[in-house]
Every structure is written in structure tokens, then in C-alpha cells.
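J.: Would you mind keeping the following structure in view while I ask a few things?
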Amino acid sequence: MTKTESAPPTNFIRQIIADDLKTNKHDGRVRTRFPPEPNGYLHIGHAKSICLNFGIAEENRDGLCNLRFDDTNPIKEDIEYVESIQADVKWLGFDWGDRLFYASDYFEQLYQYAVQLIKDGKAFVCSLSPDEIREYRGTLTEPGRESPYRTRSVEENLDLFERMRAGEFDDGAHVLRAKIDMTSPNVLMRDPTLFRIKKVPHHRTGDQWCIYPMYDFAHCLSDSIEGITHSICTLEFEINRQLYDWILDELPVDCHPQQIEFARLNLSYTVLSKRKLVELVNGGHVSGWNDPRMPTLSGLRRRGYTPESIRNFCERIGVAKRDSVVDIALLEYSVREDLNKRAPRVMGVLRPLRVVIENYPEDQVEALDALNNPEDDSMGWRKVPFSRVLYIEQDDFREDPPKKFFRLAPGREVRLRYAYYVTCVKVVKDEATGQVVELRCTYDPNTRGGSSPDGRKVKATLHWVSAAHSITAEARLYDHLFVKENPDEEKDVDFKTYLSPNSLETLPFLVEPSLANAEPGSKYQFERIGYFCVDTVDSSEDALVFNRTVTLRDTWARIQKAQQKKHQK
RNA sequence: UGGGGCGUCGUCAAGCGGUAAGACACAGGAUUUUGGUUCCUGCAUUCGGAGGUUCGAAUCCUCCCGCCCCAGCCA
């Protein structure tokens, strides 16, 4: 064996780290962190970042990745989110050990660092109003002007800052600002705000604080305090790097991590911005953060996605700096690949067509053997009841079969999976509508199990369910949330106008009796239909609910599409 | 029109001066008791464009074009 497990594909970040290791830049340490703000649920885009940060730590000897909540804005944050985020990271399969941190753990240190900056004449208390600050900031093409409060003495600044902390002032009365350069072409460097007053209780520190650090101040210092070596973030923070470095350069810290930016994930037919996801939840367009149509980790989990499939997906999409939109087909491919190996096969009928086997004894029932997974014999066999009255899928019968339609048609013989060869001898229609309501068939008793001693072949194998033995469950058929590949392509059109009306279709589902005790969360392949999992929220023992994770690849559907196109020409 | 980034197949993405990996998608074909899986085969004479350097350029230089980000007391 020359190859064991293939190493994760390289990317520019792994290269930087490899180079740093070579030059012993951080004494050979590799320390990353995943720093979510607890103001929403994690989505597949976060998974990319989690896999990157935790993945890099796992790949390197003594590599570690911290989980740190960037909880510097109590107005938006909530304990509900810190809990769901931890659950999601764990579910994905990553472990932060004892390194669960919060920026709020560092509030006192951060305050002291700010005091240091004031003492060094590098920060001042500014009493301009928010509007005035904006005015003074200038524009992208014009330099800003210095605040009239910029020249306050160190003593006055110290006093004011202390009183800000003590709660003597109202929200917005003062802020602490860094003294950098109001003419900088980088607007972020024009005396950025470091602390602001918010008389709001914090989900962890309660009413201990009424001033809270801004992201730019808290993030770099939190990284430094934790001894992070590589601070990996998304592209929009590229311009923040200058400030990140400024703060760490001006303060007496002994760890100055390197910020590295990569492109965030975009996925076709969905949206991945917290703001938009919140909008879908609050607007009632989905049932919640864990609606199986949501690209959130909790939604994907409920939909039936496995952590492995998501990690494989994240590995396949790569990491780079260019904006991109990954085809959702790649995500779907990743679940199918995983579920194909592990999901037991079962049978169920979504749109039933009644079939009566005329030469099968009225009261006879046979328990036929069915293989649980052709990909894995160790998963064993099960019994499936067969009787005179069955249901097959409406799609599996055509009175006038078109070219290349191999399934059942008048006079045609097909195989019922693990059962018998049957031949359609009569089509029963509703007199009023002309609709096919029942098929009369005959079976060949010599084909029990699905093969014929005379070696004759059939072109199709159909799934089926015994009418008297099937269980009626509910199927929830999910499809893309949006009809447009890139729902937020046009700036002047609300992304919600592209919400798909067909993202959820609910149908009764006739399933084989072996499913009677199916556990919530368990995953199955309904043969010839797709992968499903038992819903963890709405399913109960006497009312099973199956969520369709993803369909099987459907070559016949593609042939049909091609034929339709031909006809249109 | 300030600054910071980015442009390689339909979609991601390797490539780091020696003559365009891989994956998904797509199209054929083989095997198949799932039109599933698996397995073959095909799929960028060309790297946003134009010049230049070089024996040799996607890789180096120059100019141009296009896209993204920044003017929260959000992160």
C-alpha cells in the first residue's frame, strides 16, 4: 500500500502555516480558533470555517483550535445561540476540549489595555454624537477631520473613561476612540471607536458592564491572549487587518497572531447571510432555524445530512480568495455518497396505484427476503410481506409507454423487487375521468425472490408495498429553497421574491411495515426514490414523518427531459 | 474619481518560469433484482485583454478591462 488516507487538499492557508512551521515562526505552534458571534445559528458557510480551523489544528502535531464566542454586543446576542452553536460544532465532529472561551471573559483585560492606550496618548474619549462622528469621518475619497475632543489630556481621558465604566453617562454620550489618522485612505483607521456605552445586560456578565469593546479592539486582543498563531477570517475583514495589527503593535502583548482572510462560501439556490436567514425565520417563510430547507447546520441535520457528508463537502470545495458560488449539486453529491454506504434500503410508495394479482390466492401472505443494503452485506436481510393487493408508484405504469420507458405497461412483464415477475393483463379506469385506478396483473410463481429459472429477463424492477400491510406515514419532499441560482444577485430585488413555491411538498407515504418502529433521526434509502430520515420534531410512533434528504440520481427523468426538448424543437 | 482584494473548464479548484491536476456538472458506453451504486471514455492548444522579458510565461514586467469589500457607537 503506497497510499493510505489522502491528505486534505492543500490551499494557500495551509501553505502559509507550513512555511511558518519551517521557519519556526511561532516556536512550531499552531493555534487557531473558531470565533462565532452568538447572534444566530450556524450554517454551512460556518462549517467551511470550522472545518478549516479545526482541521488545521488536527493536521498539525500539538495543533489546537479554540471555540471562542465573540460576544461583544449584548443587544444582538443570546444564550440560545451559544448553546446551539456548541451543539452544532460538536455534531460536526470537532472537539475544543477545555478551550471554550468568550470575549466577555476578557472584558477586564480589554479595559486595562484601553487604559494603557489612553496613558500612551493613543486613545481618547470623544464626545461627538454618532452623527457628528460620521460627518467628521469624511468619505471614501475625502479625508476626515480630527475630533475637537482629540486633544483632551490623558488625565481627563482617564477620568472620563472610568466614569463611562461607572455608568455615569447615557448611551452615546461618549466613546473611546483610538488616535490614529483621520486622513488615512483606509476609513477604518480614522480614529476608530474602541469602546461604546450600552446600558444593556449581557447574557454572561449580566449588568457588570455598561461599556463594551468593539469587534476590532476585542478580536485581536482575544486572539493574542489565547496565543492564537493564525487568525483565519473571511475576506470582508481584509481592511480590518491594518487595525488588527495597529492595536497589537501599540500594546505590550507578547503574541501577535497573523490574520489571514479567505472567501466565504456561497451556495447556489440558497442564501447564506445571517441577516437573510433571520428574515426567513422571522417572516415565517420557514418553520424555524432548523427547518429542513434551511442551510443551517440544524436544518441540514434535521433534513438528514450527516456530519461526514458536510465535512467531505467542505474539503471538496477548497479554500481560496476569490468570490465564488458553489453548485449545491456538490453538497447533494456528498450526502448521496455517504448515505449510499450506510443507509438501509426500504420500500415505500408516494403516489399509489393499486395492483391486484389475479392469480395470487386471496388470503395468502408471504414474507419475502429483502437485502438491507447491496453495498454492505453485513447489514443483513429483512422480511417484507407480499399479498394479492399491492401498491406501486403511478409513475411506474404507462398505458402508452413512450420510447425507452422500461416499466410496466399493458401486456408487459416486470419484476417486483425481491418478489415476483408480474404481467399487466388489464387496466381499470374511472369511468367518469378516464383515470387509471387499478391494474390487474398475473404473477409467475416460479419467479419468487425475483429471478426466473428459465433465465428470461425483464427490463425493469419496481418497488411496491402490500396494501394490507403497509403503514401510512407522511413524506415531506424538500426541494431548493429558491428558484434562482443566486437569489441576491440583483441589488434592487428582494431575495424573497425568488423563494420557491415548491420547496416543500407533503404527501401521504405508504411504507413497508418494517419501518413501524423507525427511530427519529434514522436514515433510509427508499429504493428508487431517495434518501429519507425520520423527522426528529414532528414524527411519532403512530404518525411517522419522513423528510426527503435528497433524491436518487434519476436517469429516466433526464431522458424524459431530453425527449421533451426534442419534441419542442 | 481614495484604499484594499480578486480574475484558470458550466461550477469549485490545483498550478509558484519547463509547456493546463482533481472534483462536481454534462455527454457517451459497460455491469446491475434500485433507470441507484460501481466501472470505463470524452470534456480548457488555453489561463480577463493587449503588449513586453525569456530558448520557454497561467506563472515575471507594463498598460487596460471586469468583479468584490470599506464611510456601524455591527461582527
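How things are named: the first chain in the C-alpha cells is A, the next is B, and so on; residues count from 1 in each chain; ligands count from 1 in the order shown.
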Could you please tell me, as a PyMOL selection string, which residues of chain A have an atom within 6 Å of chain B when using only C-alpha atoms (C1' of nucleotides)?
T.: chain A and resi 139-141+185-186+196+236+239+317+322+326-327+330+450+527-528+555-556
J.: Would you export the selected residues with C-alpha atoms as an mmCIF file, in the first residue's frame, please?
T.:
```cif
data_model
loop_
_atom_site.group_PDB
_atom_site.id
_atom_site.type_symbol
_atom_site.label_atom_id
_atom_site.label_comp_id
_atom_site.auth_asym_id
_atom_site.auth_seq_id
_atom_site.Cartn_x
_atom_site.Cartn_y
_atom_site.Cartn_z
ATOM 1 C CA THR A 139 -15.794 59.898 2.794
ATOM 2 C CA LEU A 140 -14.016 57.266 0.762
ATOM 3 C CA THR A 141 -12.460 59.948 -1.388
ATOM 4 C CA PRO A 185 -7.186 56.204 2.942
ATOM 5 C CA ASN A 186 -8.427 53.255 4.996
ATOM 6 C CA ARG A 196 -19.068 52.323 23.473
ATOM 7 C CA GLU A 236 -14.575 41.307 4.267
ATOM 8 C CA ILE A 239 -9.329 46.013 5.613
ATOM 9 C CA ILE A 317 -14.884 22.997 -2.192
ATOM 10 C CA ARG A 322 -11.841 34.626 -4.975
ATOM 11 C CA VAL A 326 -20.512 26.521 -5.178
ATOM 12 C CA ASP A 327 -23.055 24.398 -7.017
ATOM 13 C CA LEU A 330 -21.862 19.135 -4.924
ATOM 14 C CA GLY A 450 -37.195 -12.001 -8.286
ATOM 15 C CA GLU A 527 -35.400 2.308 -3.214
ATOM 16 C CA ARG A 528 -35.724 4.162 -6.479
ATOM 17 C CA THR A 555 -31.512 8.912 -15.293
ATOM 18 C CA TRP A 556 -35.048 8.352 -16.504
#
```
J.: Write down as a PyMOL selection string the residues of stretch 163-375 of chain A whose backbone DSSP state falls under helix (DSSP H, G or I).
T.: chain A and resi 163-166+187-189+215-225+235-250+274-282+297-303+307-317+328-342
J.: Using DSSP assignments from the backbone, pull out every residue in stretch 362-490 of chain A that falls under strand (DSSP E) and give it to me as a PyMOL selection string.
T.: chain A and resi 366-371+381-386+389-393+413-416+421-429+436-444+461-462+464-466+471-478
J.: With N, CA and C atoms retained, write the just-selected residues as a short mmCIF file (atom, residue, chain, number, x, y, z; two decimals), in the first residue's frame.
T.:
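So again.cif came out as:
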```cif
data_model
loop_
_atom_site.label_atom_id
_atom_site.label_comp_id
_atom_site.auth_asym_id
_atom_site.auth_seq_id
_atom_site.Cartn_x
_atom_site.Cartn_y
_atom_site.Cartn_z
N GLU A 366 -47.02 -13.84 1.99
CA GLU A 366 -45.68 -14.41 2.07
C GLU A 366 -44.73 -13.38 2.66
N ALA A 367 -43.81 -13.88 3.45
CA ALA A 367 -42.77 -12.98 3.97
C ALA A 367 -41.53 -13.18 3.11
N LEU A 368 -41.24 -12.22 2.29
CA LEU A 368 -40.13 -12.36 1.35
C LEU A 368 -38.86 -11.74 1.92
N ASP A 369 -37.74 -12.28 1.48
CA ASP A 369 -36.45 -11.79 1.98
C ASP A 369 -35.96 -10.62 1.14
N ALA A 370 -35.56 -9.57 1.84
CA ALA A 370 -35.04 -8.40 1.13
C ALA A 370 -33.70 -8.00 1.75
N LEU A 371 -32.77 -7.69 0.89
CA LEU A 371 -31.43 -7.31 1.33
C LEU A 371 -31.46 -5.87 1.85
N TRP A 381 -30.56 -9.04 6.21
CA TRP A 381 -31.81 -9.16 5.46
C TRP A 381 -33.00 -8.82 6.34
N ARG A 382 -34.12 -8.59 5.72
CA ARG A 382 -35.36 -8.39 6.46
C ARG A 382 -36.49 -9.06 5.69
N LYS A 383 -37.64 -9.17 6.33
CA LYS A 383 -38.81 -9.76 5.69
C LYS A 383 -39.76 -8.67 5.22
N VAL A 384 -40.31 -8.87 4.02
CA VAL A 384 -41.30 -7.92 3.51
C VAL A 384 -42.53 -8.72 3.09
N PRO A 385 -43.70 -8.34 3.60
CA PRO A 385 -44.91 -9.11 3.28
C PRO A 385 -45.42 -8.83 1.87
N PHE A 386 -45.85 -9.91 1.22
CA PHE A 386 -46.38 -9.82 -0.15
C PHE A 386 -47.77 -10.43 -0.12
N VAL A 389 -53.06 -7.90 -3.07
CA VAL A 389 -53.29 -6.49 -3.43
C VAL A 389 -52.09 -5.64 -3.01
N LEU A 390 -51.56 -4.96 -3.97
CA LEU A 390 -50.34 -4.18 -3.74
C LEU A 390 -50.52 -2.75 -4.20
N TYR A 391 -49.55 -1.91 -3.86
CA TYR A 391 -49.47 -0.59 -4.48
C TYR A 391 -48.12 -0.45 -5.14
N ILE A 392 -48.14 0.13 -6.32
CA ILE A 392 -46.89 0.52 -6.96
C ILE A 392 -46.98 2.03 -7.22
N GLU A 393 -45.94 2.58 -7.72
CA GLU A 393 -45.88 4.02 -8.00
C GLU A 393 -46.62 4.32 -9.31
N GLU A 413 -44.19 -7.46 -18.85
CA GLU A 413 -43.77 -8.12 -17.62
C GLU A 413 -42.60 -7.37 -16.97
N VAL A 414 -42.72 -7.15 -15.67
CA VAL A 414 -41.63 -6.51 -14.92
C VAL A 414 -41.41 -7.29 -13.63
N ARG A 415 -40.33 -6.94 -12.94
CA ARG A 415 -40.07 -7.58 -11.66
C ARG A 415 -40.50 -6.66 -10.52
N LEU A 416 -41.15 -7.28 -9.52
CA LEU A 416 -41.38 -6.54 -8.28
C LEU A 416 -40.21 -6.91 -7.37
N TYR A 421 -42.10 -11.84 -10.81
CA TYR A 421 -42.36 -11.20 -12.10
C TYR A 421 -43.88 -11.07 -12.21
N VAL A 422 -44.33 -9.93 -12.63
CA VAL A 422 -45.77 -9.77 -12.85
C VAL A 422 -46.02 -9.19 -14.24
N THR A 423 -47.17 -9.54 -14.78
CA THR A 423 -47.53 -9.05 -16.11
C THR A 423 -48.86 -8.33 -16.01
N CYS A 424 -48.93 -7.19 -16.61
CA CYS A 424 -50.17 -6.41 -16.58
C CYS A 424 -51.15 -6.97 -17.61
N VAL A 425 -52.31 -7.41 -17.13
CA VAL A 425 -53.28 -8.01 -18.06
C VAL A 425 -54.49 -7.14 -18.30
N LYS A 426 -54.73 -6.16 -17.42
CA LYS A 426 -55.91 -5.35 -17.60
C LYS A 426 -55.74 -4.00 -16.89
N VAL A 427 -56.28 -2.97 -17.50
CA VAL A 427 -56.20 -1.64 -16.91
C VAL A 427 -57.61 -1.20 -16.53
N VAL A 428 -57.81 -0.88 -15.26
CA VAL A 428 -59.13 -0.45 -14.81
C VAL A 428 -59.15 1.06 -14.70
N LYS A 429 -60.15 1.68 -15.32
CA LYS A 429 -60.21 3.15 -15.30
C LYS A 429 -61.48 3.65 -14.63
N VAL A 436 -56.61 5.98 -14.74
CA VAL A 436 -56.27 4.61 -14.39
C VAL A 436 -56.34 4.49 -12.87
N VAL A 437 -57.19 3.62 -12.37
CA VAL A 437 -57.33 3.49 -10.93
C VAL A 437 -56.82 2.15 -10.41
N GLU A 438 -56.68 1.20 -11.29
CA GLU A 438 -56.22 -0.11 -10.82
C GLU A 438 -55.64 -0.90 -11.98
N LEU A 439 -54.68 -1.74 -11.64
CA LEU A 439 -54.10 -2.64 -12.63
C LEU A 439 -54.41 -4.08 -12.20
N ARG A 440 -54.78 -4.89 -13.17
CA ARG A 440 -54.94 -6.32 -12.88
C ARG A 440 -53.73 -7.00 -13.49
N CYS A 441 -53.03 -7.78 -12.67
CA CYS A 441 -51.82 -8.44 -13.14
C CYS A 441 -51.88 -9.92 -12.83
N THR A 442 -50.97 -10.66 -13.46
CA THR A 442 -50.76 -12.05 -13.07
C THR A 442 -49.31 -12.17 -12.65
N TYR A 443 -49.03 -13.15 -11.79
CA TYR A 443 -47.65 -13.32 -11.41
C TYR A 443 -47.16 -14.70 -11.82
N ASP A 444 -45.87 -14.85 -11.93
CA ASP A 444 -45.28 -16.15 -12.25
C ASP A 444 -44.73 -16.74 -10.96
N THR A 461 -37.39 -3.18 -12.65
CA THR A 461 -37.69 -3.68 -11.31
C THR A 461 -38.42 -2.56 -10.58
N LEU A 462 -39.59 -2.87 -10.06
CA LEU A 462 -40.36 -1.83 -9.38
C LEU A 462 -40.40 -2.06 -7.88
N TRP A 464 -42.63 -1.68 -4.36
CA TRP A 464 -44.05 -1.93 -4.12
C TRP A 464 -44.27 -2.05 -2.63
N VAL A 465 -45.54 -2.14 -2.28
CA VAL A 465 -45.87 -2.28 -0.88
C VAL A 465 -47.18 -3.07 -0.83
N SER A 466 -47.32 -3.94 0.14
CA SER A 466 -48.55 -4.73 0.26
C SER A 466 -49.64 -3.85 0.87
N ILE A 471 -47.83 0.77 6.10
CA ILE A 471 -48.13 1.78 7.12
C ILE A 471 -48.26 3.12 6.40
N THR A 472 -49.24 3.89 6.80
CA THR A 472 -49.36 5.21 6.20
C THR A 472 -48.56 6.21 7.02
N ALA A 473 -47.55 6.77 6.38
CA ALA A 473 -46.72 7.77 7.04
C ALA A 473 -46.90 9.08 6.27
N GLU A 474 -46.10 10.06 6.64
CA GLU A 474 -46.13 11.32 5.90
C GLU A 474 -44.75 11.53 5.30
N ALA A 475 -44.76 11.94 4.02
CA ALA A 475 -43.49 12.25 3.37
C ALA A 475 -43.41 13.76 3.17
N ARG A 476 -42.28 14.31 3.51
CA ARG A 476 -42.05 15.73 3.23
C ARG A 476 -40.95 15.82 2.19
N LEU A 477 -41.37 16.23 1.02
CA LEU A 477 -40.43 16.27 -0.09
C LEU A 477 -39.88 17.68 -0.22
N TYR A 478 -38.59 17.79 0.05
CA TYR A 478 -37.96 19.11 0.01
C TYR A 478 -37.24 19.34 -1.29
#
```
J.: May I have the residues within 10 Å of B:A57 as a PyMOL selection string, using only C-alpha atoms (C1' of nucleotides) and disregarding those fewer than 2 positions away in the same chain?
T.: chain B and resi 17-19+53-54+59-60
J.: Figure out the distance between atom CA of A:Pro307 and atom CA of A:Met379, please, to one decimal in Å.
T.: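 Distance reported for this atom pair: 21.2 Å.
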J.: Extract, using only C-alpha atoms (C1' of nucleotides), all DNA, RNA and protein residues at most 9 Å from A:Ala518, discarding same-chain residues fewer than 4 positions from it, and format them as a PyMOL selection string.
T.: chain A and resi 514+522+534+541+544
J.: Please produce an output containing all heavy atoms for each residue in the selection, written as a short mmCIF file (atom, residue, chain, number, x, y, z; two decimals), in the first residue's frame.
T.:
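In the end it all went to again09.cif:
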```
data_model
loop_
_atom_site.label_atom_id
_atom_site.label_comp_id
_atom_site.auth_asym_id
_atom_site.auth_seq_id
_atom_site.Cartn_x
_atom_site.Cartn_y
_atom_site.Cartn_z
N SER A 514 -41.77 -2.90 8.16
CA SER A 514 -40.55 -2.97 8.96
C SER A 514 -40.18 -1.62 9.56
O SER A 514 -39.37 -1.53 10.47
CB SER A 514 -39.38 -3.48 8.10
OG SER A 514 -38.97 -2.47 7.21
N SER A 522 -33.35 8.40 12.17
CA SER A 522 -32.74 7.30 11.41
C SER A 522 -32.93 7.54 9.91
O SER A 522 -33.90 8.13 9.46
CB SER A 522 -33.31 5.96 11.84
OG SER A 522 -34.72 5.96 11.75
N VAL A 534 -36.23 9.98 9.43
CA VAL A 534 -37.40 10.18 10.27
C VAL A 534 -37.25 11.54 10.96
O VAL A 534 -36.23 11.80 11.59
CB VAL A 534 -37.54 9.05 11.31
CG1 VAL A 534 -38.76 9.27 12.19
CG2 VAL A 534 -37.61 7.70 10.61
N GLU A 541 -44.63 7.67 17.01
CA GLU A 541 -44.78 6.26 16.72
C GLU A 541 -46.00 5.96 15.86
O GLU A 541 -45.96 5.10 15.00
CB GLU A 541 -44.87 5.48 18.02
CG GLU A 541 -43.68 4.55 18.21
CD GLU A 541 -43.72 3.91 19.57
OE1 GLU A 541 -44.53 2.99 19.75
OE2 GLU A 541 -42.95 4.35 20.47
N LEU A 544 -45.66 8.50 11.62
CA LEU A 544 -44.28 8.65 11.16
C LEU A 544 -44.17 9.76 10.12
O LEU A 544 -45.03 9.88 9.24
CB LEU A 544 -43.80 7.35 10.52
CG LEU A 544 -43.41 6.20 11.46
CD1 LEU A 544 -43.22 4.93 10.64
CD2 LEU A 544 -42.12 6.55 12.20
#
```
J.: List the neighbours of B:U46 out to 10 Å using only C-alpha atoms (C1' of nucleotides); skip same-chain residues closer than 6 positions along the sequence, and give me the result as a list in words.
T.: U8, A20 and A58 of chain B
J.: Selection from above, all heavy atoms, as an mmCIF file, in the first residue's frame, can you write it?
T.:
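Output file result-v2.cif follows:
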```
data_model
loop_
_atom_site.group_PDB
_atom_site.id
_atom_site.type_symbol
_atom_site.label_atom_id
_atom_site.label_comp_id
_atom_site.auth_asym_id
_atom_site.auth_seq_id
_atom_site.Cartn_x
_atom_site.Cartn_y
_atom_site.Cartn_z
ATOM 1 P P U B 8 -11.090 32.757 -12.917
ATOM 2 O OP1 U B 8 -12.319 32.466 -13.675
ATOM 3 O OP2 U B 8 -11.023 32.481 -11.482
ATOM 4 O "O5'" U B 8 -9.867 32.036 -13.628
ATOM 5 C "C5'" U B 8 -9.651 32.198 -15.014
ATOM 6 C "C4'" U B 8 -8.984 30.994 -15.588
ATOM 7 O "O4'" U B 8 -7.766 30.723 -14.820
ATOM 8 C "C3'" U B 8 -9.758 29.688 -15.452
ATOM 9 O "O3'" U B 8 -10.744 29.562 -16.470
ATOM 10 C "C2'" U B 8 -8.632 28.668 -15.614
ATOM 11 O "O2'" U B 8 -8.197 28.606 -16.953
ATOM 12 C "C1'" U B 8 -7.548 29.325 -14.766
ATOM 13 N N1 U B 8 -7.598 28.887 -13.355
ATOM 14 C C2 U B 8 -7.088 27.636 -13.051
ATOM 15 O O2 U B 8 -6.609 26.901 -13.898
ATOM 16 N N3 U B 8 -7.160 27.280 -11.736
ATOM 17 C C4 U B 8 -7.697 28.017 -10.706
ATOM 18 O O4 U B 8 -7.690 27.562 -9.573
ATOM 19 C C5 U B 8 -8.221 29.301 -11.096
ATOM 20 C C6 U B 8 -8.152 29.676 -12.377
ATOM 21 P P A B 20 0.645 21.767 -21.718
ATOM 22 O OP1 A B 20 0.342 20.459 -22.316
ATOM 23 O OP2 A B 20 0.108 22.977 -22.306
ATOM 24 O "O5'" A B 20 0.170 21.740 -20.195
ATOM 25 C "C5'" A B 20 -1.023 21.034 -19.927
ATOM 26 C "C4'" A B 20 -1.563 21.605 -18.670
ATOM 27 O "O4'" A B 20 -1.983 22.968 -18.884
ATOM 28 C "C3'" A B 20 -2.818 20.877 -18.232
ATOM 29 O "O3'" A B 20 -2.389 19.829 -17.382
ATOM 30 C "C2'" A B 20 -3.626 21.932 -17.490
ATOM 31 O "O2'" A B 20 -3.359 21.907 -16.103
ATOM 32 C "C1'" A B 20 -3.079 23.257 -18.053
ATOM 33 N N9 A B 20 -4.031 24.055 -18.831
ATOM 34 C C8 A B 20 -4.206 24.082 -20.184
ATOM 35 N N7 A B 20 -5.091 24.957 -20.593
ATOM 36 C C5 A B 20 -5.541 25.538 -19.430
ATOM 37 C C6 A B 20 -6.486 26.539 -19.166
ATOM 38 N N6 A B 20 -7.159 27.166 -20.118
ATOM 39 N N1 A B 20 -6.706 26.867 -17.878
ATOM 40 C C2 A B 20 -6.012 26.231 -16.932
ATOM 41 N N3 A B 20 -5.090 25.295 -17.044
ATOM 42 C C4 A B 20 -4.901 24.986 -18.327
ATOM 43 P P A B 58 1.437 30.163 -20.759
ATOM 44 O OP1 A B 58 1.828 28.760 -20.695
ATOM 45 O OP2 A B 58 0.990 30.727 -22.051
ATOM 46 O "O5'" A B 58 0.305 30.426 -19.688
ATOM 47 C "C5'" A B 58 -0.587 31.524 -19.807
ATOM 48 C "C4'" A B 58 -1.081 31.932 -18.449
ATOM 49 O "O4'" A B 58 -1.554 30.748 -17.763
ATOM 50 C "C3'" A B 58 -0.015 32.516 -17.533
ATOM 51 O "O3'" A B 58 0.105 33.893 -17.738
ATOM 52 C "C2'" A B 58 -0.553 32.189 -16.155
ATOM 53 O "O2'" A B 58 -1.535 33.123 -15.754
ATOM 54 C "C1'" A B 58 -1.232 30.832 -16.390
ATOM 55 N N9 A B 58 -0.367 29.697 -16.048
ATOM 56 C C8 A B 58 0.265 28.834 -16.906
ATOM 57 N N7 A B 58 0.958 27.900 -16.285
ATOM 58 C C5 A B 58 0.764 28.182 -14.946
ATOM 59 C C6 A B 58 1.235 27.558 -13.779
ATOM 60 N N6 A B 58 2.013 26.480 -13.785
ATOM 61 N N1 A B 58 0.858 28.083 -12.602
ATOM 62 C C2 A B 58 0.071 29.158 -12.599
ATOM 63 N N3 A B 58 -0.444 29.835 -13.632
ATOM 64 C C4 A B 58 -0.058 29.275 -14.785
#
```
J.: Please identify all polymer residues within 12 Å of A:Asn73, counting only C-alpha atoms (C1' of nucleotides), omitting same-chain residues fewer than 5 positions from it, and present them as a PyMOL selection string.
T.: (chain A and resi 37-39+78+103-104+195-205+209-215+218) or (chain B and resi 73-75)
